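run_38.txt (compact mmCIF, C-alpha atoms) appears below.
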```txt
# COMPACT_ATOMS: atom_id res chain seq x y z
CA MET A 1 -1.39 -15.76 7.95
CA THR A 2 1.54 -13.55 7.10
CA GLU A 3 3.78 -12.51 9.96
CA PHE A 4 5.70 -9.26 10.37
CA VAL A 5 9.14 -8.92 11.90
CA MET A 6 10.00 -5.85 13.97
CA ARG A 7 13.44 -4.84 15.07
CA PRO A 8 13.83 -2.72 18.21
CA ILE A 9 15.12 0.78 17.51
CA ALA A 10 15.88 1.68 21.15
CA ARG A 11 15.67 0.49 24.76
CA VAL A 12 14.28 2.07 27.92
CA GLU A 13 16.60 2.91 30.81
CA SER A 14 14.39 3.34 33.87
CA SER A 15 14.32 2.87 37.63
CA LEU A 16 11.22 0.66 37.13
CA ARG A 17 12.39 -2.95 37.24
CA GLU A 18 9.27 -5.09 37.79
CA ARG A 19 5.67 -4.99 36.61
CA THR A 20 4.55 -4.58 40.21
CA ASP A 21 6.60 -1.35 40.44
CA ALA A 22 4.99 0.27 37.40
CA PRO A 23 2.00 2.59 37.57
CA ARG A 24 -0.91 1.60 35.32
CA GLN A 25 -0.41 4.59 33.01
CA GLY A 26 2.32 7.17 32.50
CA ASP A 27 0.23 10.02 33.91
CA GLU A 28 -0.26 8.14 37.18
CA GLY A 29 3.12 8.84 38.73
CA ALA A 30 5.63 7.29 36.34
CA PRO A 31 9.25 8.50 36.54
CA ASP A 32 11.42 10.22 33.95
CA ALA A 33 13.43 7.75 31.87
CA TRP A 34 16.11 7.65 29.17
CA ILE A 35 15.60 6.10 25.75
CA VAL A 36 18.82 4.78 24.23
CA PHE A 37 18.61 4.55 20.43
CA ASP A 38 20.49 2.22 18.14
CA ASP A 39 23.11 3.86 15.96
CA SER A 40 21.37 2.39 12.88
CA VAL A 41 18.43 4.85 13.27
CA ARG A 42 20.50 7.99 13.86
CA ALA A 43 19.09 9.76 10.75
CA ALA A 44 15.47 8.99 11.68
CA LEU A 45 16.10 10.49 15.16
CA ALA A 46 17.90 13.61 13.93
CA ASP A 47 15.02 16.10 14.34
CA ILE A 48 13.83 15.06 17.81
CA ALA A 49 14.44 17.93 20.25
CA ALA A 50 13.69 18.94 23.83
CA GLY A 51 10.08 20.07 24.16
CA ASP A 52 8.71 17.69 21.50
CA GLU A 53 5.58 15.76 22.43
CA VAL A 54 5.88 12.27 21.03
CA ILE A 55 4.25 8.86 21.17
CA LEU A 56 6.62 6.01 21.95
CA ILE A 57 5.51 2.58 20.80
CA THR A 58 6.96 -0.17 22.96
CA TRP A 59 6.97 -3.95 22.75
CA PHE A 60 6.01 -5.40 26.15
CA ASP A 61 8.53 -8.22 26.03
CA ARG A 62 7.32 -9.67 29.33
CA ALA A 63 3.65 -9.90 28.29
CA ASP A 64 1.49 -13.03 27.93
CA ARG A 65 0.29 -13.04 24.30
CA ASP A 66 -2.32 -15.77 24.88
CA VAL A 67 -4.45 -13.61 27.20
CA GLN A 68 -7.63 -12.28 25.54
CA LYS A 69 -9.69 -11.24 28.61
CA VAL A 70 -8.58 -9.39 31.75
CA HIS A 71 -10.12 -7.70 34.76
CA PRO A 72 -9.51 -3.98 34.08
CA ARG A 73 -6.71 -2.57 36.25
CA GLY A 74 -6.43 -5.99 37.92
CA ASP A 75 -9.67 -5.33 39.85
CA THR A 76 -11.49 -8.69 40.07
CA SER A 77 -14.71 -6.92 41.09
CA ARG A 78 -14.85 -5.64 37.50
CA PRO A 79 -16.00 -8.12 34.83
CA ALA A 80 -13.45 -9.83 32.60
CA THR A 81 -13.13 -7.65 29.51
CA GLY A 82 -11.76 -8.29 26.02
CA VAL A 83 -8.21 -6.93 25.89
CA PHE A 84 -8.94 -4.75 22.82
CA SER A 85 -11.13 -2.68 25.20
CA THR A 86 -8.29 -2.35 27.74
CA ARG A 87 -4.68 -1.15 27.91
CA SER A 88 -3.48 -4.46 29.38
CA PRO A 89 0.07 -5.31 28.29
CA ASP A 90 -1.13 -8.92 27.95
CA ARG A 91 -2.60 -9.09 24.40
CA PRO A 92 -1.95 -10.86 21.07
CA ASN A 93 0.58 -8.26 19.84
CA PRO A 94 1.90 -6.63 23.03
CA LEU A 95 2.40 -3.09 21.75
CA GLY A 96 2.31 -0.17 24.20
CA LEU A 97 1.53 3.49 23.49
CA HIS A 98 3.17 6.14 25.67
CA ARG A 99 2.64 9.85 25.21
CA VAL A 100 5.65 11.69 26.64
CA THR A 101 7.49 14.99 26.40
CA VAL A 102 11.16 15.04 25.41
CA LEU A 103 13.19 16.65 28.22
CA ALA A 104 16.70 16.40 26.76
CA VAL A 105 18.64 14.92 23.85
CA ASP A 106 22.26 13.78 24.17
CA ASP A 107 23.36 12.18 20.86
CA LEU A 108 21.55 8.81 20.77
CA ARG A 109 20.09 9.21 24.30
CA VAL A 110 16.73 10.93 24.77
CA GLN A 111 15.25 11.77 28.19
CA VAL A 112 11.44 11.73 28.53
CA ASN A 113 8.97 12.30 31.34
CA ASN A 114 6.21 10.05 32.77
CA LEU A 115 7.19 6.72 31.23
CA GLU A 116 5.63 3.65 32.87
CA ALA A 117 7.61 1.13 30.74
CA LEU A 118 10.07 -1.12 32.56
CA ASP A 119 13.85 -0.93 32.34
CA GLY A 120 15.02 -2.72 29.20
CA THR A 121 11.70 -2.50 27.36
CA PRO A 122 12.26 -2.34 23.59
CA ILE A 123 10.98 0.66 21.64
CA VAL A 124 9.81 -0.04 18.09
CA ASP A 125 8.65 3.40 16.87
CA VAL A 126 8.47 7.11 17.76
CA LYS A 127 5.87 9.46 16.27
CA PRO A 128 4.97 13.11 16.82
CA VAL A 129 1.71 13.95 18.55
CA LEU A 130 -0.44 15.51 15.80
CA GLY A 131 -1.53 19.08 16.36
CA ASP A 132 -4.15 20.98 14.41
CA ILE A 133 -4.41 20.23 10.69
CA SER A 134 -3.06 23.72 9.88
CA ASP A 135 0.18 22.98 11.78
CA ARG A 136 1.10 19.75 9.96
CA MET B 28 19.38 -7.58 18.13
CA THR B 29 16.30 -9.54 19.08
CA GLU B 30 13.40 -9.46 16.61
CA PHE B 31 9.69 -9.60 17.39
CA VAL B 32 7.09 -11.40 15.32
CA MET B 33 3.61 -9.91 14.98
CA ARG B 34 0.60 -11.68 13.58
CA PRO B 35 -2.21 -9.60 12.02
CA ILE B 36 -5.45 -9.75 14.00
CA ALA B 37 -7.63 -8.15 11.29
CA ARG B 38 -7.63 -6.57 7.82
CA VAL B 39 -9.04 -3.29 6.51
CA GLU B 40 -11.82 -3.34 3.90
CA SER B 41 -11.85 0.10 2.30
CA SER B 42 -12.53 1.91 -0.96
CA LEU B 43 -8.95 3.30 -0.76
CA ARG B 44 -6.80 1.13 -3.04
CA GLU B 45 -3.58 3.11 -3.67
CA ARG B 46 -1.33 5.37 -1.61
CA THR B 47 -2.10 8.23 -3.99
CA ASP B 48 -5.83 7.88 -3.13
CA ALA B 49 -5.33 8.16 0.62
CA PRO B 50 -5.54 11.42 2.57
CA ARG B 51 -2.51 12.19 4.73
CA GLN B 52 -4.44 11.70 8.00
CA GLY B 53 -7.81 10.22 8.90
CA ASP B 54 -9.30 13.59 9.84
CA GLU B 55 -8.52 14.98 6.38
CA GLY B 56 -11.39 13.38 4.50
CA ALA B 57 -10.85 9.62 4.90
CA PRO B 58 -13.84 7.33 4.30
CA ASP B 59 -15.61 4.92 6.61
CA ALA B 60 -14.18 1.41 6.46
CA TRP B 61 -14.79 -2.09 7.79
CA ILE B 62 -12.29 -4.00 9.92
CA VAL B 63 -12.58 -7.77 9.52
CA PHE B 64 -11.16 -9.62 12.53
CA ASP B 65 -9.70 -13.09 12.64
CA ASP B 66 -11.79 -15.66 14.47
CA SER B 67 -8.77 -16.42 16.70
CA VAL B 68 -9.19 -13.03 18.51
CA ARG B 69 -12.96 -13.24 19.04
CA ALA B 70 -12.64 -13.09 22.85
CA ALA B 71 -10.35 -10.05 22.78
CA LEU B 72 -12.87 -8.24 20.56
CA ALA B 73 -15.95 -9.15 22.62
CA ASP B 74 -16.43 -5.81 24.40
CA ILE B 75 -15.98 -3.47 21.41
CA ALA B 76 -19.29 -1.67 20.75
CA ALA B 77 -20.71 1.11 18.59
CA GLY B 78 -19.70 4.50 19.96
CA ASP B 79 -16.32 3.35 21.30
CA GLU B 80 -13.36 5.59 20.49
CA VAL B 81 -10.38 3.40 19.75
CA ILE B 82 -6.85 3.53 18.36
CA LEU B 83 -6.17 1.05 15.58
CA ILE B 84 -2.54 0.09 15.08
CA THR B 85 -1.81 -0.92 11.49
CA TRP B 86 1.20 -2.38 9.73
CA PHE B 87 1.87 -0.41 6.53
CA ASP B 88 2.72 -3.45 4.44
CA ARG B 89 3.55 -1.32 1.37
CA ALA B 90 6.06 0.93 3.21
CA ASP B 91 9.78 1.31 2.53
CA ARG B 92 11.52 0.39 5.79
CA ASP B 93 14.91 1.75 4.71
CA VAL B 94 13.71 5.38 4.58
CA GLN B 95 14.92 7.49 7.53
CA LYS B 96 14.33 11.05 6.21
CA VAL B 97 11.36 12.44 4.27
CA HIS B 98 9.99 15.79 3.15
CA PRO B 99 6.95 16.30 5.43
CA ARG B 100 3.69 15.72 3.56
CA GLY B 101 5.72 15.12 0.37
CA ASP B 102 6.42 18.87 0.10
CA THR B 103 9.97 19.19 -1.27
CA SER B 104 10.07 22.86 -0.23
CA ARG B 105 10.20 21.62 3.39
CA PRO B 106 13.54 20.27 4.61
CA ALA B 107 14.13 16.50 4.80
CA THR B 108 13.15 15.48 8.33
CA GLY B 109 13.94 12.38 10.41
CA VAL B 110 10.94 10.04 10.16
CA PHE B 111 10.54 9.81 13.97
CA SER B 112 9.45 13.48 13.75
CA THR B 113 6.87 12.67 11.02
CA ARG B 114 3.90 10.37 10.44
CA SER B 115 5.40 9.00 7.21
CA PRO B 116 4.44 5.34 6.61
CA ASP B 117 8.02 4.82 5.39
CA ARG B 118 9.99 4.12 8.60
CA PRO B 119 12.00 1.27 10.20
CA ASN B 120 8.95 -0.40 11.78
CA PRO B 121 6.00 0.79 9.64
CA LEU B 122 3.32 1.00 12.33
CA GLY B 123 0.37 3.35 11.88
CA LEU B 124 -1.86 4.91 14.55
CA HIS B 125 -5.46 5.69 13.63
CA ARG B 126 -7.93 7.20 16.07
CA VAL B 127 -11.44 6.23 14.98
CA THR B 128 -14.97 5.85 16.31
CA VAL B 129 -16.74 2.49 16.06
CA LEU B 130 -19.94 2.92 14.01
CA ALA B 131 -21.25 -0.65 14.04
CA VAL B 132 -20.28 -4.19 15.07
CA ASP B 133 -21.48 -7.28 13.16
CA ASP B 134 -19.87 -10.39 14.68
CA LEU B 135 -16.20 -10.22 13.56
CA ARG B 136 -16.77 -7.14 11.34
CA VAL B 137 -16.40 -3.66 12.85
CA GLN B 138 -17.24 -0.47 10.96
CA VAL B 139 -15.22 2.68 11.77
CA ASN B 140 -15.13 6.26 10.51
CA ASN B 141 -12.29 8.35 9.02
CA LEU B 142 -9.76 5.61 8.28
CA GLU B 143 -6.98 6.56 5.84
CA ALA B 144 -5.48 3.03 5.70
CA LEU B 145 -5.59 1.23 2.34
CA ASP B 146 -7.77 -1.77 1.52
CA GLY B 147 -6.08 -4.94 2.79
CA THR B 148 -3.89 -3.19 5.35
CA PRO B 149 -3.22 -5.51 8.32
CA ILE B 150 -4.28 -4.43 11.81
CA VAL B 151 -2.05 -5.58 14.67
CA ASP B 152 -3.74 -4.07 17.76
CA VAL B 153 -6.80 -2.16 18.99
CA LYS B 154 -6.78 -0.04 22.16
CA PRO B 155 -9.29 2.25 23.85
CA VAL B 156 -8.66 5.98 23.85
CA LEU B 157 -7.89 6.81 27.48
CA GLY B 158 -10.25 9.24 29.20
CA ASP B 159 -9.71 10.96 32.51
CA ILE B 160 -7.88 9.01 35.20
CA SER B 161 -11.12 8.78 37.23
CA ASP B 162 -12.87 6.94 34.38
CA ARG B 163 -10.31 4.13 33.93
```

Just give me the structure as structure tokens.
Amino acid sequence: MTEFVMRPIARVESSLRERTDAPRQGDEGAPDAWIVFDDSVRAALADIAAGDEVILITWFDRADRDVQKVHPRGDTSRPATGVFSTRSPDRPNPLGLHRVTVLAVDDLRVQVNNLEALDGTPIVDVKPVLGDISDR
Amino acid sequence: MTEFVMRPIARVESSLRERTDAPRQGDEGAPDAWIVFDDSVRAALADIAAGDEVILITWFDRADRDVQKVHPRGDTSRPATGVFSTRSPDRPNPLGLHRVTVLAVDDLRVQVNNLEALDGTPIVDVKPVLGDISDR
């Protein structure tokens, strides 16, 4: 099968260092964090501003890509479940989705709230949260 | 910089053949489509069922990865905007997010509604839509 090559566009700077430190989802007590963008994507970043609601797509570079079943939320009393029905970082293509609000922008550095990704995690895309059709 | 290699887990089967045929977003009149999964991810897919709300992540294999600014929705009366503030398929890592409902599952084939991705588009991940914290 064809393969696709992604290049990171940014990295996370966070106080979260280990998987055991991270909450399961961003709205479960994750800290604010900074996203440091590569100079090569400056033009793509130009319209991001404080107050924007965006979806960050991360690459969980510490994930196990051979895992296809997990116990949801690590709870072994729950049956092993196919990873496409879970948000486990362990999955064939370890992409993460993180809905955050932009708090501040300082040149290539963007501060966001509630990010459960670990320090150093690569970011591969940023997209706006879609509002109503009439606002697009 | 490090690069990451993704392998497609599935392909879209759709009546949409060209970019000019496709609506701008799935909730703007996109057709139902089938997703045909690779046998190698059978276990990861095992718990997907009709009625599930999921996010498909696609790889826009016909995108231009060098584009960093676009006129939103192709409307040249709107100012050129950094692609991280748009849902343009043309972007450095051409990932697409598609929120759909599963209509039917037939072994490795999954039917979904409202998918604006073109026929043959590779799928790289499937995730559940997150409900309330208490339901996770």

Which residue of A:Asp106, A:Ser14, A:Asp61, A:Glu28 approaches Pro122 in chain A most closely, using all atoms listed in the file: A:Asp61

Can you move chain B onto chain A by a least-squares fit over all C-alpha atoms paired in order, then give me the moved copy as a PDB file with C-alpha atoms, keeping the file's coordinate frame?
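Okay, this is what ended up in result36.pdb:
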```
ATOM      1  CA  MET B  28      -1.425 -15.735   7.967  1.00  0.00           C
ATOM      2  CA  THR B  29       1.521 -13.542   7.104  1.00  0.00           C
ATOM      3  CA  GLU B  30       3.780 -12.509   9.993  1.00  0.00           C
ATOM      4  CA  PHE B  31       5.699  -9.260  10.383  1.00  0.00           C
ATOM      5  CA  VAL B  32       9.145  -8.928  11.900  1.00  0.00           C
ATOM      6  CA  MET B  33       9.993  -5.848  13.960  1.00  0.00           C
ATOM      7  CA  ARG B  34      13.444  -4.843  15.072  1.00  0.00           C
ATOM      8  CA  PRO B  35      13.822  -2.700  18.221  1.00  0.00           C
ATOM      9  CA  ILE B  36      15.137   0.791  17.499  1.00  0.00           C
ATOM     10  CA  ALA B  37      15.883   1.683  21.146  1.00  0.00           C
ATOM     11  CA  ARG B  38      15.669   0.475  24.756  1.00  0.00           C
ATOM     12  CA  VAL B  39      14.266   2.080  27.905  1.00  0.00           C
ATOM     13  CA  GLU B  40      16.601   2.902  30.806  1.00  0.00           C
ATOM     14  CA  SER B  41      14.400   3.337  33.865  1.00  0.00           C
ATOM     15  CA  SER B  42      14.318   2.850  37.622  1.00  0.00           C
ATOM     16  CA  LEU B  43      11.205   0.650  37.118  1.00  0.00           C
ATOM     17  CA  ARG B  44      12.390  -2.971  37.218  1.00  0.00           C
ATOM     18  CA  GLU B  45       9.258  -5.103  37.791  1.00  0.00           C
ATOM     19  CA  ARG B  46       5.648  -5.001  36.621  1.00  0.00           C
ATOM     20  CA  THR B  47       4.536  -4.593  40.231  1.00  0.00           C
ATOM     21  CA  ASP B  48       6.607  -1.363  40.455  1.00  0.00           C
ATOM     22  CA  ALA B  49       5.009   0.262  37.422  1.00  0.00           C
ATOM     23  CA  PRO B  50       2.002   2.588  37.575  1.00  0.00           C
ATOM     24  CA  ARG B  51      -0.901   1.598  35.332  1.00  0.00           C
ATOM     25  CA  GLN B  52      -0.420   4.602  33.009  1.00  0.00           C
ATOM     26  CA  GLY B  53       2.325   7.168  32.517  1.00  0.00           C
ATOM     27  CA  ASP B  54       0.233  10.017  33.918  1.00  0.00           C
ATOM     28  CA  GLU B  55      -0.264   8.137  37.194  1.00  0.00           C
ATOM     29  CA  GLY B  56       3.118   8.848  38.739  1.00  0.00           C
ATOM     30  CA  ALA B  57       5.642   7.286  36.335  1.00  0.00           C
ATOM     31  CA  PRO B  58       9.253   8.499  36.529  1.00  0.00           C
ATOM     32  CA  ASP B  59      11.430  10.202  33.953  1.00  0.00           C
ATOM     33  CA  ALA B  60      13.432   7.753  31.860  1.00  0.00           C
ATOM     34  CA  TRP B  61      16.112   7.658  29.176  1.00  0.00           C
ATOM     35  CA  ILE B  62      15.604   6.109  25.744  1.00  0.00           C
ATOM     36  CA  VAL B  63      18.828   4.784  24.226  1.00  0.00           C
ATOM     37  CA  PHE B  64      18.607   4.551  20.432  1.00  0.00           C
ATOM     38  CA  ASP B  65      20.485   2.225  18.140  1.00  0.00           C
ATOM     39  CA  ASP B  66      23.104   3.876  15.964  1.00  0.00           C
ATOM     40  CA  SER B  67      21.382   2.383  12.886  1.00  0.00           C
ATOM     41  CA  VAL B  68      18.430   4.847  13.280  1.00  0.00           C
ATOM     42  CA  ARG B  69      20.511   7.990  13.854  1.00  0.00           C
ATOM     43  CA  ALA B  70      19.096   9.741  10.759  1.00  0.00           C
ATOM     44  CA  ALA B  71      15.481   9.001  11.696  1.00  0.00           C
ATOM     45  CA  LEU B  72      16.105  10.484  15.155  1.00  0.00           C
ATOM     46  CA  ALA B  73      17.903  13.619  13.932  1.00  0.00           C
ATOM     47  CA  ASP B  74      15.032  16.097  14.343  1.00  0.00           C
ATOM     48  CA  ILE B  75      13.835  15.054  17.821  1.00  0.00           C
ATOM     49  CA  ALA B  76      14.442  17.948  20.248  1.00  0.00           C
ATOM     50  CA  ALA B  77      13.686  18.948  23.831  1.00  0.00           C
ATOM     51  CA  GLY B  78      10.077  20.070  24.159  1.00  0.00           C
ATOM     52  CA  ASP B  79       8.723  17.701  21.495  1.00  0.00           C
ATOM     53  CA  GLU B  80       5.583  15.774  22.423  1.00  0.00           C
ATOM     54  CA  VAL B  81       5.875  12.283  21.025  1.00  0.00           C
ATOM     55  CA  ILE B  82       4.242   8.860  21.175  1.00  0.00           C
ATOM     56  CA  LEU B  83       6.625   6.021  21.953  1.00  0.00           C
ATOM     57  CA  ILE B  84       5.527   2.585  20.799  1.00  0.00           C
ATOM     58  CA  THR B  85       6.972  -0.181  22.967  1.00  0.00           C
ATOM     59  CA  TRP B  86       6.977  -3.955  22.757  1.00  0.00           C
ATOM     60  CA  PHE B  87       6.011  -5.410  26.151  1.00  0.00           C
ATOM     61  CA  ASP B  88       8.535  -8.229  26.036  1.00  0.00           C
ATOM     62  CA  ARG B  89       7.318  -9.685  29.359  1.00  0.00           C
ATOM     63  CA  ALA B  90       3.637  -9.903  28.285  1.00  0.00           C
ATOM     64  CA  ASP B  91       1.495 -13.023  27.934  1.00  0.00           C
ATOM     65  CA  ARG B  92       0.298 -13.047  24.319  1.00  0.00           C
ATOM     66  CA  ASP B  93      -2.311 -15.763  24.888  1.00  0.00           C
ATOM     67  CA  VAL B  94      -4.451 -13.594  27.202  1.00  0.00           C
ATOM     68  CA  GLN B  95      -7.634 -12.278  25.541  1.00  0.00           C
ATOM     69  CA  LYS B  96      -9.704 -11.219  28.600  1.00  0.00           C
ATOM     70  CA  VAL B  97      -8.586  -9.392  31.751  1.00  0.00           C
ATOM     71  CA  HIS B  98     -10.122  -7.695  34.771  1.00  0.00           C
ATOM     72  CA  PRO B  99      -9.521  -3.972  34.084  1.00  0.00           C
ATOM     73  CA  ARG B 100      -6.725  -2.586  36.257  1.00  0.00           C
ATOM     74  CA  GLY B 101      -6.433  -6.017  37.930  1.00  0.00           C
ATOM     75  CA  ASP B 102      -9.670  -5.362  39.858  1.00  0.00           C
ATOM     76  CA  THR B 103     -11.468  -8.723  40.084  1.00  0.00           C
ATOM     77  CA  SER B 104     -14.698  -6.958  41.090  1.00  0.00           C
ATOM     78  CA  ARG B 105     -14.866  -5.653  37.494  1.00  0.00           C
ATOM     79  CA  PRO B 106     -16.006  -8.124  34.837  1.00  0.00           C
ATOM     80  CA  ALA B 107     -13.439  -9.835  32.583  1.00  0.00           C
ATOM     81  CA  THR B 108     -13.142  -7.630  29.499  1.00  0.00           C
ATOM     82  CA  GLY B 109     -11.765  -8.293  26.002  1.00  0.00           C
ATOM     83  CA  VAL B 110      -8.213  -6.912  25.891  1.00  0.00           C
ATOM     84  CA  PHE B 111      -8.935  -4.734  22.814  1.00  0.00           C
ATOM     85  CA  SER B 112     -11.140  -2.683  25.188  1.00  0.00           C
ATOM     86  CA  THR B 113      -8.285  -2.350  27.738  1.00  0.00           C
ATOM     87  CA  ARG B 114      -4.683  -1.147  27.905  1.00  0.00           C
ATOM     88  CA  SER B 115      -3.486  -4.459  29.372  1.00  0.00           C
ATOM     89  CA  PRO B 116       0.079  -5.323  28.269  1.00  0.00           C
ATOM     90  CA  ASP B 117      -1.123  -8.931  27.935  1.00  0.00           C
ATOM     91  CA  ARG B 118      -2.604  -9.082  24.405  1.00  0.00           C
ATOM     92  CA  PRO B 119      -1.952 -10.854  21.065  1.00  0.00           C
ATOM     93  CA  ASN B 120       0.565  -8.259  19.833  1.00  0.00           C
ATOM     94  CA  PRO B 121       1.887  -6.621  23.038  1.00  0.00           C
ATOM     95  CA  LEU B 122       2.404  -3.076  21.761  1.00  0.00           C
ATOM     96  CA  GLY B 123       2.321  -0.160  24.193  1.00  0.00           C
ATOM     97  CA  LEU B 124       1.542   3.505  23.490  1.00  0.00           C
ATOM     98  CA  HIS B 125       3.182   6.128  25.691  1.00  0.00           C
ATOM     99  CA  ARG B 126       2.641   9.846  25.218  1.00  0.00           C
ATOM    100  CA  VAL B 127       5.650  11.686  26.635  1.00  0.00           C
ATOM    101  CA  THR B 128       7.496  14.990  26.406  1.00  0.00           C
ATOM    102  CA  VAL B 129      11.169  15.045  25.411  1.00  0.00           C
ATOM    103  CA  LEU B 130      13.196  16.653  28.228  1.00  0.00           C
ATOM    104  CA  ALA B 131      16.698  16.417  26.765  1.00  0.00           C
ATOM    105  CA  VAL B 132      18.629  14.919  23.839  1.00  0.00           C
ATOM    106  CA  ASP B 133      22.266  13.777  24.155  1.00  0.00           C
ATOM    107  CA  ASP B 134      23.365  12.184  20.865  1.00  0.00           C
ATOM    108  CA  LEU B 135      21.544   8.803  20.776  1.00  0.00           C
ATOM    109  CA  ARG B 136      20.103   9.215  24.311  1.00  0.00           C
ATOM    110  CA  VAL B 137      16.735  10.941  24.761  1.00  0.00           C
ATOM    111  CA  GLN B 138      15.259  11.772  28.165  1.00  0.00           C
ATOM    112  CA  VAL B 139      11.448  11.733  28.526  1.00  0.00           C
ATOM    113  CA  ASN B 140       8.971  12.298  31.347  1.00  0.00           C
ATOM    114  CA  ASN B 141       6.214  10.063  32.783  1.00  0.00           C
ATOM    115  CA  LEU B 142       7.183   6.728  31.236  1.00  0.00           C
ATOM    116  CA  GLU B 143       5.630   3.647  32.874  1.00  0.00           C
ATOM    117  CA  ALA B 144       7.607   1.142  30.742  1.00  0.00           C
ATOM    118  CA  LEU B 145      10.063  -1.132  32.568  1.00  0.00           C
ATOM    119  CA  ASP B 146      13.848  -0.919  32.339  1.00  0.00           C
ATOM    120  CA  GLY B 147      15.023  -2.725  29.196  1.00  0.00           C
ATOM    121  CA  THR B 148      11.698  -2.503  27.378  1.00  0.00           C
ATOM    122  CA  PRO B 149      12.269  -2.339  23.597  1.00  0.00           C
ATOM    123  CA  ILE B 150      10.980   0.659  21.642  1.00  0.00           C
ATOM    124  CA  VAL B 151       9.811  -0.034  18.088  1.00  0.00           C
ATOM    125  CA  ASP B 152       8.650   3.406  16.861  1.00  0.00           C
ATOM    126  CA  VAL B 153       8.477   7.109  17.744  1.00  0.00           C
ATOM    127  CA  LYS B 154       5.876   9.471  16.261  1.00  0.00           C
ATOM    128  CA  PRO B 155       4.968  13.115  16.805  1.00  0.00           C
ATOM    129  CA  VAL B 156       1.706  13.955  18.526  1.00  0.00           C
ATOM    130  CA  LEU B 157      -0.435  15.505  15.792  1.00  0.00           C
ATOM    131  CA  GLY B 158      -1.544  19.097  16.339  1.00  0.00           C
ATOM    132  CA  ASP B 159      -4.160  20.981  14.386  1.00  0.00           C
ATOM    133  CA  ILE B 160      -4.433  20.227  10.678  1.00  0.00           C
ATOM    134  CA  SER B 161      -3.070  23.715   9.874  1.00  0.00           C
ATOM    135  CA  ASP B 162       0.170  22.970  11.751  1.00  0.00           C
ATOM    136  CA  ARG B 163       1.092  19.734   9.925  1.00  0.00           C
TER     137      ARG B 163
END
```

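Comparing A:Gly82, A:Pro31, A:Pro92, A:Pro23 by their smallest distance to chain B, the closest is A:Gly82 (using all atoms listed in the file).
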
Pick from B:Val39, B:Asp146, B:Ile75, B:Thr103: nearest to chain A, with only C-alpha atoms counted?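 Closest to chain A, using only C-alpha atoms: B:Ile75.
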
Chain B near chain A within 9 Å: what's each residue's closest atom pair and its distance in Å to one decimal, counting all atoms listed in the file, ordered by chain then ascending residue number, as a Markdown table?
```
| residue | atom | partner | partner_atom | distance |
| --- | --- | --- | --- | --- |
| B:Met28 | CA | A:Arg7 | CA | 7.2 |
| B:Thr29 | CA | A:Arg7 | CA | 6.8 |
| B:Glu30 | CA | A:Arg7 | CA | 4.9 |
| B:Phe31 | CA | A:Met6 | CA | 5.1 |
| B:Val32 | CA | A:Val5 | CA | 4.7 |
| B:Met33 | CA | A:Phe4 | CA | 5.1 |
| B:Arg34 | CA | A:Glu3 | CA | 4.9 |
| B:Pro35 | CA | A:Glu3 | CA | 7.0 |
| B:Ile36 | CA | A:Pro92 | CA | 8.0 |
| B:Gln52 | CA | A:Ile133 | CA | 8.9 |
| B:Asp54 | CA | A:Ile133 | CA | 8.3 |
| B:Glu55 | CA | A:Ile133 | CA | 7.9 |
| B:Val68 | CA | A:Gln68 | CA | 7.2 |
| B:Arg69 | CA | A:Gln68 | CA | 8.5 |
| B:Ala70 | CA | A:Gln68 | CA | 5.7 |
| B:Ala71 | CA | A:Gly82 | CA | 3.9 |
| B:Leu72 | CA | A:Gly82 | CA | 5.6 |
| B:Ala73 | CA | A:Gly82 | CA | 5.5 |
| B:Asp74 | CA | A:Gly82 | CA | 5.5 |
| B:Ile75 | CA | A:Ser85 | CA | 6.2 |
| B:Asp79 | CA | A:Ser85 | CA | 8.9 |
| B:Val81 | CA | A:Ser85 | CA | 8.2 |
| B:Ile84 | CA | A:Leu95 | CA | 8.9 |
| B:Trp86 | CA | A:Phe4 | CA | 8.2 |
| B:Asp88 | CA | A:Phe4 | CA | 8.8 |
| B:Val94 | CA | A:Ala44 | CA | 8.2 |
| B:Gln95 | CA | A:Ala44 | CA | 4.4 |
| B:Lys96 | CA | A:Ala44 | CA | 6.0 |
| B:Pro99 | CA | A:Arg136 | CA | 8.2 |
| B:Arg100 | CA | A:Arg136 | CA | 8.0 |
| B:Thr108 | CA | A:Asp47 | CA | 6.3 |
| B:Gly109 | CA | A:Ala44 | CA | 3.9 |
| B:Val110 | CA | A:Ala44 | CA | 4.9 |
| B:Phe111 | CA | A:Val126 | CA | 5.1 |
| B:Ser112 | CA | A:Pro128 | CA | 5.4 |
| B:Thr113 | CA | A:Pro128 | CA | 6.1 |
| B:Arg114 | CA | A:Lys127 | CA | 6.2 |
| B:Arg118 | CA | A:Ala44 | CA | 8.0 |
| B:Pro119 | CA | A:Asp125 | CA | 7.8 |
| B:Asn120 | CA | A:Met6 | CA | 6.0 |
| B:Pro121 | CA | A:Asp125 | CA | 8.1 |
| B:Leu122 | CA | A:Asp125 | CA | 7.4 |
| B:Val151 | CA | A:Asn93 | CA | 6.4 |
| B:Asp152 | CA | A:Asn93 | CA | 6.4 |
| B:Val153 | CA | A:Phe84 | CA | 5.1 |
| B:Lys154 | CA | A:Phe84 | CA | 5.2 |
| B:Pro155 | CA | A:Ser85 | CA | 5.4 |
| B:Leu157 | CA | A:Arg87 | CA | 8.6 |
| B:Ile160 | CA | A:Glu28 | CA | 7.9 |
| B:Arg163 | CA | A:Arg73 | CA | 8.0 |
```

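Considering the residues B:Asp66, B:Glu45, B:Ser104, B:Gly78 and counting all atoms listed in the file, Val139 in chain B has its shortest atom-to-atom contact with B:Gly78.
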
Report the distance between CA of Arg78 in chain A and CA of Ala131 in chain B in Å, rounded to one decimal place.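 These two atoms are separated by 24.8 Å.
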
For a quick check of understanding, using all atoms listed in the file, which of B:Ala37, B:Leu130, B:Ile150, B:Leu142 has the smallest distance to Gly56 in chain B?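 Using all atoms listed in the file, Gly56 in chain B sits closest to B:Leu142.
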